[in-house]
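Below is query31.txt, which holds compact mmCIF, C-alpha atoms.
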# COMPACT_ATOMS: atom_id res chain seq x y z
CA MET A 1 -8.79 17.29 12.29
CA THR A 2 -6.46 15.21 10.13
CA VAL A 3 -7.80 12.01 8.60
CA ILE A 4 -5.28 9.16 8.70
CA VAL A 5 -5.12 6.87 5.67
CA VAL A 6 -3.01 3.71 5.94
CA ALA A 7 -1.44 1.67 3.14
CA ALA A 8 0.48 -1.57 2.83
CA VAL A 9 3.56 -2.15 0.70
CA ILE A 10 2.99 -5.88 0.32
CA LEU A 11 6.19 -7.71 -0.56
CA ASP A 12 6.77 -11.29 -1.57
CA PRO A 13 10.03 -13.17 -0.84
CA GLY A 14 11.35 -12.34 -4.33
CA GLY A 15 11.12 -8.60 -3.69
CA ARG A 16 8.00 -8.10 -5.78
CA VAL A 17 5.63 -5.31 -4.72
CA LEU A 18 1.84 -5.55 -5.00
CA ALA A 19 0.16 -2.64 -6.81
CA ALA A 20 -3.60 -2.13 -6.97
CA GLN A 21 -5.45 -0.24 -9.72
CA ARG A 22 -8.16 2.10 -8.40
CA ALA A 23 -11.74 1.64 -9.53
CA ASP A 24 -13.02 4.90 -8.02
CA PRO A 25 -13.51 7.78 -7.48
CA PRO A 26 -13.57 8.77 -11.18
CA GLU A 27 -10.69 11.25 -10.83
CA LEU A 28 -8.41 8.48 -9.49
CA ALA A 29 -9.80 5.48 -11.42
CA GLY A 30 -7.17 3.61 -13.40
CA GLY A 31 -4.27 4.91 -11.33
CA TRP A 32 -2.14 2.53 -9.28
CA GLU A 33 -1.73 2.63 -5.52
CA PHE A 34 -0.76 0.64 -2.47
CA PRO A 35 -3.82 -1.02 -0.91
CA GLY A 36 -5.28 0.52 2.22
CA GLY A 37 -7.82 3.02 3.45
CA LYS A 38 -9.03 5.28 6.23
CA VAL A 39 -8.61 4.46 9.90
CA ASP A 40 -12.03 4.05 11.55
CA PRO A 41 -12.83 5.65 14.93
CA GLY A 42 -11.57 3.50 17.81
CA GLU A 43 -9.27 1.51 15.52
CA SER A 44 -5.46 1.55 15.62
CA GLU A 45 -3.55 2.25 12.43
CA ILE A 46 -2.28 -1.34 12.29
CA GLU A 47 -5.78 -2.73 12.87
CA ALA A 48 -7.04 -0.56 10.01
CA LEU A 49 -4.26 -1.78 7.74
CA VAL A 50 -5.02 -5.45 8.47
CA ARG A 51 -8.78 -4.85 8.00
CA GLU A 52 -8.30 -2.99 4.73
CA CYS A 53 -6.11 -5.78 3.29
CA ARG A 54 -8.75 -8.32 4.33
CA GLU A 55 -11.57 -6.29 2.75
CA GLU A 56 -9.78 -5.15 -0.41
CA LEU A 57 -7.62 -8.19 -1.16
CA GLY A 58 -9.07 -11.11 0.80
CA VAL A 59 -5.77 -11.80 2.58
CA GLU A 60 -4.34 -11.70 6.06
CA VAL A 61 -1.12 -9.75 6.39
CA GLY A 62 1.70 -9.47 8.85
CA VAL A 63 2.75 -5.85 9.30
CA GLY A 64 6.42 -4.91 9.37
CA GLU A 65 8.30 -1.63 9.58
CA ARG A 66 6.85 1.75 8.72
CA VAL A 67 7.95 3.40 5.47
CA GLY A 68 8.92 7.02 6.08
CA GLY A 69 6.83 9.45 8.08
CA ASP A 70 3.59 11.15 7.11
CA TRP A 71 2.99 11.35 3.36
CA PRO A 72 0.74 14.29 2.39
CA LEU A 73 -2.50 13.60 0.55
CA SER A 74 -5.29 16.06 -0.21
CA GLU A 75 -6.23 18.76 2.28
CA GLY A 76 -6.85 17.27 5.72
CA TYR A 77 -5.56 13.78 4.84
CA VAL A 78 -2.23 12.13 5.58
CA LEU A 79 -0.93 8.74 4.42
CA ARG A 80 1.01 6.36 6.69
CA VAL A 81 2.60 3.32 5.09
CA TRP A 82 3.98 -0.01 6.35
CA PHE A 83 5.73 -2.96 4.78
CA ALA A 84 3.61 -6.12 4.97
CA THR A 85 3.64 -9.73 3.84
CA VAL A 86 0.75 -12.03 3.04
CA THR A 87 0.38 -14.61 5.81
CA SER A 88 -2.81 -16.27 4.54
CA GLY A 89 -4.70 -16.24 1.25
CA THR A 90 -3.99 -15.06 -2.28
CA PRO A 91 -4.59 -11.40 -3.16
CA GLU A 92 -7.73 -10.78 -5.23
CA ALA A 93 -9.01 -7.50 -6.67
CA LYS A 94 -12.20 -7.23 -4.59
CA GLU A 95 -12.44 -3.41 -4.73
CA HIS A 96 -9.86 -2.60 -7.41
CA LEU A 97 -9.87 -2.93 -11.20
CA ALA A 98 -6.74 -5.09 -11.12
CA LEU A 99 -3.76 -6.19 -9.04
CA ARG A 100 -0.23 -6.56 -10.32
CA TRP A 101 2.97 -7.90 -8.80
CA LEU A 102 5.83 -5.65 -9.86
CA GLU A 103 9.28 -7.18 -10.15
CA PRO A 104 12.44 -5.43 -8.96
CA GLY A 105 13.50 -3.23 -11.88
CA GLY A 106 9.86 -2.94 -12.98
CA TYR A 107 8.42 -1.01 -10.07
CA TYR A 108 7.42 1.82 -12.41
CA ASP A 109 5.70 -0.33 -15.04
CA VAL A 110 2.37 1.08 -13.83
CA GLU A 111 1.16 4.68 -13.57
CA TRP A 112 1.35 5.33 -9.83
CA LEU A 113 -1.01 7.90 -8.36
CA GLY A 114 0.71 11.13 -7.33
CA ALA A 115 0.52 10.32 -3.62
CA ASP A 116 1.92 6.79 -4.05
CA LEU A 117 4.82 7.57 -6.42
CA PRO A 118 7.11 9.07 -3.75
CA VAL A 119 6.30 6.11 -1.49
CA MET A 120 7.38 3.71 -4.27
CA GLU A 121 10.59 5.69 -4.70
CA ALA A 122 11.32 5.42 -0.96
CA VAL A 123 10.49 1.70 -0.99
CA GLU A 124 12.80 1.07 -3.94
CA LYS A 125 15.62 2.89 -2.14
CA LEU A 126 15.06 0.89 1.08
CA LEU A 127 14.96 -2.42 -0.78
CA SER A 128 18.08 -1.56 -2.81
CA GLN A 129 19.90 -0.94 0.48
CA GLY A 130 19.15 -4.55 1.37
CA LEU A 131 17.01 -3.76 4.37
CA ASN A 132 15.12 -6.80 5.56
CA SER A 133 11.86 -4.90 5.37
CA CYS A 134 9.87 -8.06 4.75
CA SER A 135 10.35 -9.28 8.29
CA VAL A 136 7.21 -9.05 10.37
Starting from the coordinates I provided, produce the structure as structure tokens.
Amino acid sequence: MTVIVVAAVILDPGGRVLAAQRADPPELAGGWEFPGGKVDPGESEIEALVRECREELGVEVGVGERVGGDWPLSEGYVLRVWFATVTSGTPEAKEHLALRWLEPGGYYDVEWLGADLPVMEAVEKLLSQGLNSCSV
């Protein structure tokens, strides 16, 4: 059985992207990722994404378009990613070491985790094409 992990590419109106620095597990600590987590039984992927943003960041988000298809993670895990915008609250690092808003042109100023780097590359390409991916 494949475990679905969801993640949010949170954008602000200026095109900045929110990156979160992992606190654990030790082999991933310090690396940067898009916030998110596993889908719980009986929960839709979108519900999981909204819940994870609430738990990890203390914000409510509006979910927009999906980014790509299934992104491979470790054995038995697959990542699914959506654009999102903050609709209420200010992001706080509740479960991460730090949060950072990355400006256009500076999307690679952090050391992305291996699974998140190709997602960032796809996001940068979509944003450079002028897609209104922020709309939710």
Shell of 10 Å around range 73-84 of chain A, all atoms listed in the file, local chain residues under 5 positions omitted, as JSON, numbers by chain: {"A": [1, 2, 3, 4, 5, 6, 7, 8, 9, 10, 11, 12, 17, 34, 35, 36, 37, 38, 45, 46, 49, 50, 53, 60, 61, 62, 63, 64, 65, 66, 67, 68, 114, 115, 116, 119, 123, 133, 134, 135, 136]}
Next, the residues of the selection above should be written as an mmCIF file, keeping the file's coordinate frame with C-alpha atoms.
data_model
loop_
_atom_site.group_PDB
_atom_site.id
_atom_site.type_symbol
_atom_site.label_atom_id
_atom_site.label_comp_id
_atom_site.auth_asym_id
_atom_site.auth_seq_id
_atom_site.Cartn_x
_atom_site.Cartn_y
_atom_site.Cartn_z
ATOM 1 C CA MET A 1 -8.790 17.290 12.290
ATOM 2 C CA THR A 2 -6.460 15.210 10.130
ATOM 3 C CA VAL A 3 -7.800 12.010 8.600
ATOM 4 C CA ILE A 4 -5.280 9.160 8.700
ATOM 5 C CA VAL A 5 -5.120 6.870 5.670
ATOM 6 C CA VAL A 6 -3.010 3.710 5.940
ATOM 7 C CA ALA A 7 -1.440 1.670 3.140
ATOM 8 C CA ALA A 8 0.480 -1.570 2.830
ATOM 9 C CA VAL A 9 3.560 -2.150 0.700
ATOM 10 C CA ILE A 10 2.990 -5.880 0.320
ATOM 11 C CA LEU A 11 6.190 -7.710 -0.560
ATOM 12 C CA ASP A 12 6.770 -11.290 -1.570
ATOM 13 C CA VAL A 17 5.630 -5.310 -4.720
ATOM 14 C CA PHE A 34 -0.760 0.640 -2.470
ATOM 15 C CA PRO A 35 -3.820 -1.020 -0.910
ATOM 16 C CA GLY A 36 -5.280 0.520 2.220
ATOM 17 C CA GLY A 37 -7.820 3.020 3.450
ATOM 18 C CA LYS A 38 -9.030 5.280 6.230
ATOM 19 C CA GLU A 45 -3.550 2.250 12.430
ATOM 20 C CA ILE A 46 -2.280 -1.340 12.290
ATOM 21 C CA LEU A 49 -4.260 -1.780 7.740
ATOM 22 C CA VAL A 50 -5.020 -5.450 8.470
ATOM 23 C CA CYS A 53 -6.110 -5.780 3.290
ATOM 24 C CA GLU A 60 -4.340 -11.700 6.060
ATOM 25 C CA VAL A 61 -1.120 -9.750 6.390
ATOM 26 C CA GLY A 62 1.700 -9.470 8.850
ATOM 27 C CA VAL A 63 2.750 -5.850 9.300
ATOM 28 C CA GLY A 64 6.420 -4.910 9.370
ATOM 29 C CA GLU A 65 8.300 -1.630 9.580
ATOM 30 C CA ARG A 66 6.850 1.750 8.720
ATOM 31 C CA VAL A 67 7.950 3.400 5.470
ATOM 32 C CA GLY A 68 8.920 7.020 6.080
ATOM 33 C CA GLY A 114 0.710 11.130 -7.330
ATOM 34 C CA ALA A 115 0.520 10.320 -3.620
ATOM 35 C CA ASP A 116 1.920 6.790 -4.050
ATOM 36 C CA VAL A 119 6.300 6.110 -1.490
ATOM 37 C CA VAL A 123 10.490 1.700 -0.990
ATOM 38 C CA SER A 133 11.860 -4.900 5.370
ATOM 39 C CA CYS A 134 9.870 -8.060 4.750
ATOM 40 C CA SER A 135 10.350 -9.280 8.290
ATOM 41 C CA VAL A 136 7.210 -9.050 10.370
#
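Using only C-alpha atoms, the shortest contact distance between Gly14 in chain A and any of A:Thr87, A:Glu92, A:Ala48, A:Leu102 is found at A:Leu102.
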A:Gly105, A:Gly69, A:Gly58, A:Pro26 ranked by distance to Pro118 in chain A, top pick (using all atoms listed in the file): A:Gly69
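Going from CA of Pro13 in chain A over to CA of Gly130 in chain A, you cover 12.7 Å.
Between CA of Pro72 in chain A and CA of Leu99 in chain A lies a distance of 23.9 Å.
Relative to CA of Leu113 in chain A, CA of Ser128 in chain A is found at 22.0 Å.
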